[in-house]
Every structure is written in structure tokens, then in C-alpha cells.
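Structure file entry12.cif (mmCIF, C-alpha atoms and all ligand atoms) follows.
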```
data_run
loop_
_atom_site.label_atom_id
_atom_site.label_comp_id
_atom_site.auth_asym_id
_atom_site.auth_seq_id
_atom_site.Cartn_x
_atom_site.Cartn_y
_atom_site.Cartn_z
CA MET A 1 7.72 -123.08 56.72
CA SER A 2 8.44 -126.40 58.41
CA PRO A 3 11.95 -127.89 58.20
CA ARG A 4 10.44 -130.71 56.20
CA GLU A 5 8.89 -128.38 53.67
CA LEU A 6 12.16 -126.47 53.42
CA ALA A 7 14.09 -129.71 52.91
CA ARG A 8 11.73 -130.65 50.10
CA MET A 9 12.17 -127.25 48.43
CA ALA A 10 15.94 -127.46 48.82
CA THR A 11 15.99 -130.83 47.09
CA ALA A 12 13.87 -129.45 44.26
CA VAL A 13 16.21 -126.47 43.88
CA GLU A 14 19.23 -128.78 43.85
CA ASN A 15 17.53 -130.68 41.03
CA GLY A 16 17.18 -127.49 39.02
CA ALA A 17 13.78 -126.14 40.06
CA PRO A 18 13.60 -122.37 40.41
CA VAL A 19 13.42 -120.79 43.86
CA PRO A 20 9.67 -120.27 44.47
CA SER A 21 8.87 -116.71 43.44
CA SER A 22 6.38 -116.45 46.30
CA LEU A 23 9.32 -116.25 48.71
CA PRO A 24 10.51 -112.77 49.68
CA GLU A 25 14.03 -111.68 48.83
CA GLY A 26 15.05 -111.90 52.50
CA ASP A 27 17.93 -110.00 54.01
CA GLY A 28 20.05 -112.73 55.60
CA LEU A 29 23.80 -112.31 55.39
CA ILE A 30 25.52 -114.89 53.19
CA ILE A 31 28.92 -115.81 54.64
CA GLY A 32 31.39 -117.82 52.56
CA ILE A 33 33.89 -119.97 54.48
CA THR A 34 36.72 -121.46 52.49
CA GLY A 35 40.26 -122.65 52.96
CA PRO A 36 42.48 -125.69 52.52
CA PRO A 37 41.41 -129.18 53.63
CA GLY A 38 41.60 -129.73 57.36
CA ALA A 39 41.96 -126.05 58.26
CA GLY A 40 39.07 -126.40 60.68
CA LYS A 41 36.34 -124.86 58.53
CA SER A 42 33.60 -127.20 59.69
CA THR A 43 34.67 -126.79 63.31
CA LEU A 44 34.65 -123.03 62.83
CA VAL A 45 31.21 -123.19 61.24
CA GLY A 46 30.03 -125.14 64.28
CA ALA A 47 31.44 -122.43 66.55
CA LEU A 48 29.81 -119.71 64.43
CA ILE A 49 26.47 -121.50 64.75
CA ASP A 50 26.86 -121.64 68.55
CA ASP A 51 27.61 -117.96 68.72
CA LEU A 52 24.81 -116.94 66.35
CA ARG A 53 22.28 -119.13 68.15
CA ASN A 54 23.24 -117.41 71.41
CA ARG A 55 22.24 -114.22 69.64
CA GLN A 56 18.88 -115.80 68.71
CA LYS A 57 19.79 -115.78 65.01
CA ARG A 58 18.58 -118.46 62.60
CA VAL A 59 21.37 -120.05 60.57
CA ALA A 60 21.36 -122.15 57.39
CA ILE A 61 24.50 -123.96 56.28
CA ILE A 62 25.35 -125.08 52.76
CA ALA A 63 28.39 -127.34 52.79
CA VAL A 64 29.86 -127.65 49.30
CA ASP A 65 32.57 -130.10 48.37
CA PRO A 66 33.56 -129.40 44.77
CA SER A 67 36.56 -131.71 44.73
CA SER A 68 36.58 -135.44 44.43
CA ARG A 69 39.11 -135.62 47.20
CA ALA A 70 40.99 -138.86 47.46
CA THR A 71 40.65 -138.75 51.23
CA GLY A 72 36.89 -138.93 50.87
CA GLY A 73 35.99 -139.01 54.51
CA ALA A 74 32.90 -137.53 56.04
CA VAL A 75 30.87 -135.31 53.79
CA LEU A 76 31.32 -131.70 54.76
CA GLY A 77 28.76 -130.62 57.26
CA ASP A 78 28.07 -134.09 58.52
CA ARG A 79 30.47 -133.47 61.31
CA ILE A 80 28.60 -130.35 62.29
CA ARG A 81 25.31 -132.12 61.95
CA MET A 82 26.53 -134.86 64.24
CA GLN A 83 27.69 -132.40 66.80
CA ARG A 84 25.07 -130.31 68.50
CA HIS A 85 22.54 -128.81 66.18
CA HIS A 86 20.54 -131.57 64.58
CA ALA A 87 17.52 -131.02 66.83
CA ASP A 88 17.58 -127.22 66.68
CA PRO A 89 14.87 -125.80 64.38
CA GLY A 90 16.87 -122.56 64.10
CA VAL A 91 19.61 -124.42 62.24
CA PHE A 92 19.27 -125.99 58.81
CA ILE A 93 22.15 -127.89 57.21
CA ARG A 94 22.45 -128.97 53.59
CA SER A 95 25.45 -130.85 52.19
CA MET A 96 26.30 -130.92 48.52
CA ALA A 97 28.97 -133.43 47.59
CA THR A 98 29.55 -133.73 43.88
CA ARG A 99 32.49 -136.04 43.45
CA GLY A 100 33.85 -134.52 40.31
CA ALA A 101 30.97 -132.90 38.49
CA THR A 102 31.31 -129.15 38.83
CA GLY A 103 30.06 -126.16 36.90
CA GLY A 104 26.48 -126.13 38.09
CA LEU A 105 27.71 -126.08 41.65
CA ALA A 106 28.03 -122.34 41.96
CA LYS A 107 24.61 -121.87 40.42
CA THR A 108 22.97 -124.42 42.68
CA SER A 109 24.58 -123.12 45.85
CA ALA A 110 23.57 -119.58 44.90
CA ALA A 111 19.98 -120.73 44.37
CA LEU A 112 20.00 -122.57 47.71
CA ALA A 113 21.35 -119.49 49.46
CA ARG A 114 18.53 -117.45 47.94
CA LEU A 115 16.01 -120.06 49.10
CA PHE A 116 17.28 -119.94 52.68
CA ARG A 117 17.32 -116.15 52.78
CA GLY A 118 13.79 -116.18 51.43
CA ALA A 119 12.85 -118.66 54.15
CA GLY A 120 13.91 -116.08 56.71
CA PHE A 121 17.32 -117.27 57.88
CA ASP A 122 19.38 -114.42 59.32
CA PHE A 123 22.64 -116.04 58.21
CA VAL A 124 23.46 -118.43 55.42
CA ILE A 125 26.91 -120.00 55.72
CA LEU A 126 28.49 -121.48 52.60
CA GLU A 127 31.36 -123.82 53.46
CA THR A 128 33.62 -125.00 50.66
CA VAL A 129 37.05 -126.64 50.51
CA GLY A 130 40.09 -125.22 48.84
CA VAL A 131 40.76 -122.01 46.96
CA GLY A 132 40.47 -122.97 43.30
CA GLN A 133 38.14 -121.67 40.60
CA ASP A 134 35.17 -123.68 41.88
CA GLU A 135 35.45 -122.12 45.30
CA ILE A 136 35.83 -118.67 43.80
CA ASP A 137 32.62 -119.26 41.84
CA VAL A 138 30.80 -120.59 44.89
CA THR A 139 31.90 -117.79 47.21
CA ALA A 140 30.95 -115.18 44.61
CA THR A 141 27.45 -115.60 46.00
CA ALA A 142 28.57 -114.60 49.48
CA ASP A 143 28.21 -111.11 50.89
CA VAL A 144 31.44 -111.71 52.78
CA THR A 145 34.02 -114.47 52.43
CA VAL A 146 36.24 -115.72 55.24
CA VAL A 147 39.39 -117.56 54.18
CA VAL A 148 40.53 -119.96 56.91
CA LEU A 149 44.27 -120.60 57.19
CA VAL A 150 46.32 -122.35 59.84
CA PRO A 151 49.77 -121.68 61.34
CA GLY A 152 52.77 -123.25 59.69
CA MET A 153 51.60 -123.20 56.12
CA GLY A 154 53.96 -120.61 54.64
CA ASP A 155 54.40 -122.34 51.31
CA GLU A 156 50.73 -123.03 50.99
CA VAL A 157 49.91 -119.37 51.52
CA GLN A 158 52.19 -118.66 48.58
CA ALA A 159 50.59 -121.34 46.45
CA ILE A 160 47.01 -120.24 46.97
CA LYS A 161 47.85 -116.56 46.91
CA ALA A 162 46.17 -115.72 43.61
CA GLY A 163 42.85 -117.24 44.60
CA ILE A 164 42.95 -115.74 48.07
CA MET A 165 43.58 -112.22 46.83
CA GLU A 166 40.41 -112.40 44.83
CA ILE A 167 38.00 -113.72 47.38
CA ALA A 168 39.13 -113.00 50.93
CA ASP A 169 37.19 -110.26 52.69
CA VAL A 170 38.38 -111.55 56.04
CA PHE A 171 41.12 -113.96 57.11
CA ALA A 172 40.82 -116.32 60.06
CA ILE A 173 44.03 -117.92 61.29
CA ASN A 174 42.47 -120.94 62.90
CA LYS A 175 44.25 -123.38 65.23
CA ALA A 176 45.76 -120.31 66.82
CA ASP A 177 46.56 -122.56 69.78
CA ARG A 178 49.39 -123.95 67.68
CA PRO A 179 52.86 -122.47 67.21
CA GLY A 180 53.62 -120.25 64.21
CA VAL A 181 50.65 -117.89 64.41
CA GLU A 182 52.78 -114.73 64.32
CA GLN A 183 54.65 -115.91 61.26
CA THR A 184 51.48 -116.84 59.36
CA GLN A 185 50.01 -113.44 60.23
CA ARG A 186 53.14 -111.72 58.83
CA GLU A 187 52.99 -113.80 55.65
CA ILE A 188 49.37 -112.83 55.07
CA GLU A 189 50.15 -109.17 55.78
CA ASN A 190 53.09 -109.23 53.35
CA MET A 191 50.95 -110.78 50.68
CA LEU A 192 48.22 -108.21 51.23
CA SER A 193 50.63 -105.28 51.16
CA LEU A 194 51.74 -106.34 47.68
CA GLY A 195 48.21 -105.95 46.43
CA HIS A 196 47.54 -102.88 48.61
CA ALA A 197 44.55 -104.68 50.07
CA VAL A 198 43.23 -103.99 53.56
CA VAL A 199 41.74 -107.21 54.86
CA PRO A 200 41.17 -107.85 58.56
CA ILE A 201 42.89 -110.88 60.09
CA PHE A 202 41.34 -112.73 63.03
CA ARG A 203 42.80 -115.50 65.15
CA THR A 204 40.53 -118.34 66.20
CA VAL A 205 40.63 -121.63 68.07
CA ALA A 206 37.51 -123.15 66.58
CA THR A 207 37.53 -126.17 68.88
CA GLU A 208 37.12 -123.85 71.88
CA GLY A 209 35.24 -120.99 70.29
CA THR A 210 38.09 -118.59 71.06
CA GLY A 211 38.05 -115.49 68.85
CA VAL A 212 34.70 -116.42 67.35
CA PRO A 213 32.58 -113.65 68.96
CA GLU A 214 35.05 -111.06 67.63
CA LEU A 215 34.79 -112.56 64.15
CA VAL A 216 30.99 -112.58 64.33
CA GLU A 217 30.88 -108.97 65.56
CA HIS A 218 32.98 -107.98 62.58
CA LEU A 219 30.84 -109.91 60.09
CA ILE A 220 27.66 -108.34 61.47
CA ALA A 221 29.08 -104.81 61.54
CA ARG A 222 30.59 -104.84 58.05
CA PRO A 223 28.85 -102.45 55.67
CA ARG A 224 26.59 -104.38 53.33
CA ILE A 225 27.13 -103.99 49.63
CA ALA A 226 23.79 -103.56 47.92
CA ARG A 227 22.74 -106.53 45.86
CA SER A 228 22.62 -105.24 42.31
CA GLU A 229 20.98 -108.23 40.68
CA PRO A 230 17.73 -106.92 39.19
CA ILE A 231 14.66 -109.12 39.19
CA ALA A 232 14.21 -109.39 35.46
CA VAL A 233 10.59 -110.59 35.31
CA ARG A 234 8.31 -108.63 37.62
CA GLY A 235 5.02 -110.34 36.99
CA ILE A 236 2.32 -111.31 34.51
CA ASP A 237 1.07 -108.18 32.83
CA HIS A 238 -1.84 -109.77 31.04
CA LEU A 239 -3.28 -112.88 29.43
CA ALA A 240 -4.59 -112.30 25.92
CA ILE A 241 -7.47 -114.32 24.54
CA ALA A 242 -8.43 -114.29 20.88
CA VAL A 243 -12.20 -114.04 20.37
CA ARG A 244 -14.34 -113.68 17.28
CA SER A 245 -16.47 -111.03 18.94
CA ILE A 246 -15.70 -109.06 22.09
CA ASP A 247 -19.39 -108.26 22.61
CA ASP A 248 -20.38 -111.92 22.48
CA SER A 249 -17.58 -113.09 24.78
CA LEU A 250 -18.42 -110.44 27.41
CA GLY A 251 -21.45 -112.59 28.14
CA PHE A 252 -19.03 -114.99 29.82
CA TYR A 253 -16.22 -112.77 31.13
CA ARG A 254 -18.27 -109.79 32.33
CA ASP A 255 -21.68 -111.19 33.05
CA GLN A 256 -20.82 -114.66 34.35
CA LEU A 257 -17.31 -114.26 35.80
CA GLY A 258 -18.18 -110.73 36.93
CA LEU A 259 -14.97 -109.15 35.63
CA PRO A 260 -15.20 -105.38 35.07
CA VAL A 261 -14.37 -103.96 31.64
CA ASP A 262 -11.80 -101.25 32.14
CA LEU A 263 -11.16 -100.08 28.63
CA ARG A 264 -12.01 -100.79 25.03
CA GLU A 265 -9.83 -99.55 22.24
CA THR A 266 -8.54 -100.26 18.75
CA VAL A 267 -4.81 -100.80 18.33
CA ALA A 268 -4.28 -99.62 14.76
CA GLN A 269 -0.74 -100.98 14.60
CA GLU A 270 -1.95 -104.56 15.20
CA ARG A 271 -5.36 -104.10 13.55
CA VAL A 272 -7.11 -105.43 16.60
CA ASN A 273 -9.90 -104.34 18.95
CA VAL A 274 -9.08 -104.82 22.60
CA ALA A 275 -11.13 -105.03 25.80
CA MET A 276 -9.20 -105.00 29.07
CA LEU A 277 -10.61 -106.71 32.16
CA PRO A 278 -8.48 -106.14 35.26
CA ILE A 279 -7.91 -109.01 37.70
CA GLY A 280 -5.85 -108.00 40.74
CA ASP A 281 -2.65 -106.46 39.43
CA THR A 282 -2.86 -108.30 36.14
CA ARG A 283 -5.62 -108.39 33.49
CA LEU A 284 -7.31 -110.26 30.70
CA GLU A 285 -7.17 -108.82 27.21
CA LEU A 286 -9.82 -109.91 24.76
CA LEU A 287 -8.55 -109.56 21.20
CA GLU A 288 -10.92 -109.26 18.28
CA PRO A 289 -9.66 -108.76 14.72
CA ALA A 290 -10.35 -105.27 13.41
CA ASP A 291 -9.45 -106.40 9.94
CA PRO A 292 -9.43 -109.88 8.28
CA THR A 293 -5.72 -109.61 7.44
CA SER A 294 -4.57 -109.01 11.03
CA THR A 295 -2.47 -111.59 12.86
CA VAL A 296 -5.32 -112.22 15.27
CA ALA A 297 -7.67 -112.97 12.34
CA ARG A 298 -5.13 -115.46 11.01
CA PHE A 299 -4.74 -116.97 14.47
CA LEU A 300 -8.53 -117.48 14.70
CA GLU A 301 -8.58 -119.10 11.29
CA LYS A 302 -5.78 -121.49 12.12
CA ARG A 303 -6.40 -122.33 15.77
CA GLY A 304 -9.85 -120.99 16.63
CA PRO A 305 -10.63 -118.81 19.64
CA GLY A 306 -8.60 -119.30 22.81
CA LEU A 307 -5.49 -118.26 24.68
CA HIS A 308 -3.42 -116.14 22.30
CA HIS A 309 -0.44 -114.99 24.32
CA VAL A 310 0.88 -114.29 27.82
CA ALA A 311 2.60 -110.99 28.56
CA LEU A 312 5.33 -110.67 31.17
CA ARG A 313 6.26 -107.38 32.75
CA VAL A 314 10.06 -107.04 32.68
CA ALA A 315 12.50 -104.57 34.21
CA ASP A 316 14.74 -103.97 31.22
CA LEU A 317 13.18 -105.07 27.95
CA THR A 318 15.96 -103.93 25.64
CA THR A 319 18.67 -105.86 27.46
CA MET A 320 16.46 -108.87 27.94
CA ALA A 321 15.49 -108.99 24.26
CA GLN A 322 19.16 -108.77 23.28
CA THR A 323 20.11 -111.55 25.70
CA LEU A 324 17.29 -113.78 24.44
CA GLU A 325 18.21 -113.17 20.82
CA ALA A 326 21.84 -113.92 21.57
CA SER A 327 20.79 -117.27 23.00
CA GLY A 328 18.86 -118.15 19.85
CA ILE A 329 15.29 -117.12 20.65
CA ARG A 330 13.77 -115.26 17.70
CA LEU A 331 11.79 -112.06 18.13
CA LEU A 332 8.73 -111.65 15.90
CA ALA A 333 9.74 -108.01 15.39
CA PRO A 334 12.23 -105.71 17.08
CA PRO A 335 11.00 -104.11 20.34
CA GLN A 336 8.55 -101.30 19.61
CA LYS A 337 6.48 -98.67 21.39
CA GLY A 338 2.81 -99.43 22.03
CA ALA A 339 -0.08 -97.01 22.17
CA GLY A 340 0.38 -96.33 25.88
CA GLY A 341 4.06 -95.48 25.39
CA HIS A 342 5.19 -98.85 26.76
CA LEU A 343 7.82 -101.01 25.06
CA TYR A 344 6.84 -104.48 23.88
CA VAL A 345 8.16 -107.41 21.91
CA PHE A 346 6.87 -110.88 20.98
CA LEU A 347 8.99 -114.03 21.17
CA HIS A 348 8.67 -116.66 18.46
CA PRO A 349 6.55 -119.53 19.88
CA GLY A 350 8.66 -122.00 17.89
CA ASP A 351 11.55 -121.15 20.21
CA THR A 352 9.65 -121.07 23.50
CA GLY A 353 7.88 -124.40 23.59
CA GLY A 354 4.74 -123.34 21.80
CA VAL A 355 3.67 -120.34 23.86
CA LEU A 356 3.56 -116.87 22.33
CA TRP A 357 5.18 -114.71 25.00
CA GLU A 358 5.03 -110.96 24.99
CA LEU A 359 7.45 -108.91 27.05
CA ILE A 360 6.34 -105.50 28.27
CA GLN A 361 8.15 -102.68 29.95
CA ASP A 362 6.31 -99.60 31.21
N1 LIG A 401 44.18 -127.61 67.70
C1 LIG A 401 43.12 -127.24 66.99
N2 LIG A 401 42.49 -128.15 66.22
C2 LIG A 401 41.43 -127.74 65.49
C3 LIG A 401 40.96 -126.42 65.54
N3 LIG A 401 39.91 -126.32 64.71
C4 LIG A 401 39.72 -127.54 64.19
N4 LIG A 401 40.64 -128.41 64.65
C5 LIG A 401 40.77 -129.84 64.32
O1 LIG A 401 41.20 -129.95 62.98
C6 LIG A 401 40.63 -131.11 62.36
C7 LIG A 401 39.93 -130.74 61.06
O2 LIG A 401 38.81 -129.93 61.39
P1 LIG A 401 37.59 -129.73 60.38
O3 LIG A 401 36.70 -128.74 61.01
O4 LIG A 401 37.04 -131.03 59.99
O5 LIG A 401 38.38 -129.09 59.17
P2 LIG A 401 37.81 -128.73 57.72
O6 LIG A 401 38.58 -127.59 57.24
O7 LIG A 401 36.35 -128.59 57.74
O8 LIG A 401 38.21 -130.03 56.94
P3 LIG A 401 37.68 -130.49 55.48
O9 LIG A 401 36.24 -130.24 55.44
O10 LIG A 401 38.04 -131.94 55.45
O11 LIG A 401 38.47 -129.68 54.50
C8 LIG A 401 39.71 -131.71 63.39
O12 LIG A 401 40.35 -132.75 64.04
C9 LIG A 401 39.44 -130.56 64.34
O13 LIG A 401 39.14 -130.99 65.65
C10 LIG A 401 41.66 -125.49 66.38
O14 LIG A 401 41.33 -124.30 66.44
N5 LIG A 401 42.72 -125.96 67.06
MG MG A 402 34.88 -129.47 56.69
#
```

Take the structure in the file and give it back as C-alpha cells.
Ligand SMILES: Nc1nc2c(ncn2[C@@H]2O[C@H](COP(=O)(O)OP(=O)(O)OP(=O)(O)O)[C@@H](O)[C@H]2O)c(=O)[nH]1
Ligand SMILES: [Mg+2]
Amino acid sequence: MSPRELARMATAVENGAPVPSSLPEGDGLIIGITGPPGAGKSTLVGALIDDLRNRQKRVAIIAVDPSSRATGGAVLGDRIRMQRHHADPGVFIRSMATRGATGGLAKTSAALARLFRGAGFDFVILETVGVGQDEIDVTATADVTVVVLVPGMGDEVQAIKAGIMEIADVFAINKADRPGVEQTQREIENMLSLGHAVVPIFRTVATEGTGVPELVEHLIARPRIARSEPIAVRGIDHLAIAVRSIDDSLGFYRDQLGLPVDLRETVAQERVNVAMLPIGDTRLELLEPADPTSTVARFLEKRGPGLHHVALRVADLTTMAQTLEASGIRLLAPPQKGAGGHLYVFLHPGDTGGVLWELIQD
């Protein structure tokens, strides 16, 4: 994928488009970098990029600024962009400045991170300012979150304690060239001991790259926690087409399109005769009423022959049906077992934009 193509996709995703399902899951490590304004996060990200590029790793950066900070200043990431990496195809930088509007930020940055992993980046770095709820939401996407602090901020450590405890997997005391490093380290350790947390603390001088290789080694070597998010929809199981006569319509589907007929059967429950014509790992289902009172017969009367429904294969039908119902989408009937032992349910087309969707789980 060219950087241009990726940029276009990233813009689409920022505007709410789904991450293209053709992309693989990817196995890049998502690193969250957060901390108070001016701690040196962007400088540290720049140093991380240098180090990772020396290791021949591809790096994508998402710079998120959830606050409408009075200081304004350069948009996060612009400073990095202006530094060294703008011409390097192994580095891709995206800034998201929102000036107030939050909420969708975590969702969008998560989707962008997924896009970049799918595009094959070995590392995706999420940089965000502060340690409030927005940052906690944003860094929830990360596999590992580094909280950047600086010497001489005792009171601030206290103030942001609650947020830090939740999200820090690693601390970096940046600007370690300045006095007060020992004291800041002790304050962090004291705070951690209260919560019985074991969190490694690194010291860095981001402007010189000091301590950065050690931090990178640690991030790479950390055990990965398996991503538990299931992919809810696995694919299109079949397209169902209502026909007046299966035999007549085979003239087109079998003889002219050359599709094989795999199976013909009568589904007593739905009072319908079915012919299945496999296409790759999905199939066409021709539906013919077995009885004039069946739903397919009524469909033919009302709308004539044509596309009847689309069936999606899902991972967990019961949970998905419950979630959909809870969000106001009606089910035509509760989930039930089909002839082949599979679970299925139909969603009310009035709630789905006019399409009759079937969900199927093997
Ligand atoms: N002395 C010293 N200065 C540093 C170090 N790291 C960064 N700085 C300086 O600190 C200032 C802020 O650095 P940034 O990287 O912009 O900090 P930031 O946390 O990204 O800032 P915001 O994005 O505005 O929150 C810059 O002038 C950097 O040059 C360091 O390790 N030592
Ligand atoms: Mg910054």
C-alpha cells in the first residue's frame, strides 16, 4: 500500500468509515505514550522512531490532542514530522487535534491503530497529552502504555496519581539530565507501593536519545497479552433469492452462470424449497414457496422475485442478537435451530434500512 493510499484510508477512517475488512489483523505492537504537557512526549516519540528505524522496524504514529489547550501551539506530531522522518516511507504520522470535541476520539484512534497494524506497521505509537479520562480511553487501545514524567513535579505526580495507576505499564522519567530525578523516582515508587503495583521505571533524555534503547528493549520483550476482541461477523454465509420456480431459474443460475447445485431440500419449518449453489466460501440459496401461506410466497406476492435476504456468519449469535435487541433492532423471531443444527435469526428490515438480514452461527 502506498503512503498516499494509506493516507486516504486514514482520512476515511477518521470520518467514520470502517477499517477495510480486506486488511489482515496485523501483529504490530501498539504503544501508548502519555503524560503532562511539555514532558517531552513528542521528543521521546522522535527518539523511539530513530531507534526503531535502526532496527528496520516500520512505525506509525497517531498524535492525539484531546484537550483544547489554551497554549495551542504546534499540533502534536508536527514537531516530529518537521524533524527527520517526513521523507521516510517506513514512518507514517497522523495528527488528530480536536479542540474540544471528545468522545469519538478513543474510537477513532483505536480504528486508526487497527488500520496501521493491518497495513503492516511493526509499531503503532499513540501519543496523547495529559492523564485524564480521554487519555485513559485512548490508551486503552494500547498493548502497553508509557507514562512520561519529568523531574521536579512532586505535586503533579500526586495530582495525576489516580489516572496514572490505571494506565501506566511503564514509567519514563524524561529530562533525566535535570536535577531531581532521584526524588521523582522515589515518589513514583512510593505511589506504586501503595497500590502494590510493579511497574518498571526508565530514565530518558529524549533530546539525546539516552535511555531510549533500554526502553525499546523492554517494550519489545514484554509478554504480549492476547487480544480478546472477537471478530463478530466472519463473512457472508449466503445470499437468498426468492424465485417462483427453482427448476425454471436453474436455467439462468446453473446453465448460464455455470454454478453447481450442491443440494436441494425442503425446510418444513419455513415451508420453503431450497437449492444451494456454492460460490467460493459463500453460496446462493434459491427459495421457492412449498406452500402458498409461507413467508416466501407472501414475499413473491408483494415484491415479486428477487433478492430476499443476506445471511451473515457470526461468531456468537446469542450475544449478538441480545446486543442488537438492546439497541432497538427487532428480531422477527427469537434465535432458533435450523435443519443443519445451526442457529439462525432474522432481523426486522424496518430497523436495518430495508434489508432482511439473517444471522447464522454454525
Ligand atoms: N533538557 C531536556 N529537554 C527535553 C527533553 N525532552 C524534551 N525536552 C524539551 O522539552 C520541550 C517539550 O518537548 P515536547 O517533546 O514538545 O513535549 P511534549 O510532551 O510532546 O509537549 P506537548 O505535546 O505540548 O504536551 C522541548 O523544548 C524539548 O526540546 C530532555 O530529555 N531533556
Ligand atoms: Mg507533544

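In this comparison, which uses only C-alpha atoms and all ligand atoms, the residue of A:Met153, A:Ala176, A:Val146, A:Val198 approaching ligand LIG 401 (chain A) most closely is A:Ala176.
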
Can you pull out every residue within 12 Å of Gly209 in chain A, counting only C-alpha atoms, but drop anything in the same chain fewer than 6 positions away, and send it as a count of residues only?
18

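Proximity to ligand MG 402 (chain A) was assessed for A:Val144, A:Leu6, A:Ile279, A:Ile62 counting only C-alpha atoms and all ligand atoms; the smallest distance is recorded for A:Ile62.
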
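Going from CA of Ala17 in chain A to CA of Thr282 in chain A covers 24.7 Å.
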
Using all atoms listed in the file and a cutoff of 9 Å, can you tell me which residues are near (7.0, -103.7, 23.7) in the file's coordinates, and write them out as a PyMOL selection string?
chain A and resi 317+334-338+341-346+358-362

Any chance you can output those residues with C-alpha atoms as a tab-separated table (two decimals), keeping the file's coordinate frame?
```tsv
chain	number	residue	atom	x	y	z
A	317	LEU	CA	13.18	-105.07	27.95
A	334	PRO	CA	12.23	-105.71	17.08
A	335	PRO	CA	11.00	-104.11	20.34
A	336	GLN	CA	8.55	-101.30	19.61
A	337	LYS	CA	6.48	-98.67	21.39
A	338	GLY	CA	2.81	-99.43	22.03
A	341	GLY	CA	4.06	-95.48	25.39
A	342	HIS	CA	5.19	-98.85	26.76
A	343	LEU	CA	7.82	-101.01	25.06
A	344	TYR	CA	6.84	-104.48	23.88
A	345	VAL	CA	8.16	-107.41	21.91
A	346	PHE	CA	6.87	-110.88	20.98
A	358	GLU	CA	5.03	-110.96	24.99
A	359	LEU	CA	7.45	-108.91	27.05
A	360	ILE	CA	6.34	-105.50	28.27
A	361	GLN	CA	8.15	-102.68	29.95
A	362	ASP	CA	6.31	-99.60	31.21
```

With only C-alpha atoms counted, which protein, DNA or RNA residues have an atom no more than 9 Å from (-12.9, -114.4, 14.9) in the file frame? Please answer as JSON, numbers by chain.
{"A": [242, 243, 244, 245, 288, 289, 292, 296, 297, 298, 299, 300, 301, 304, 305]}
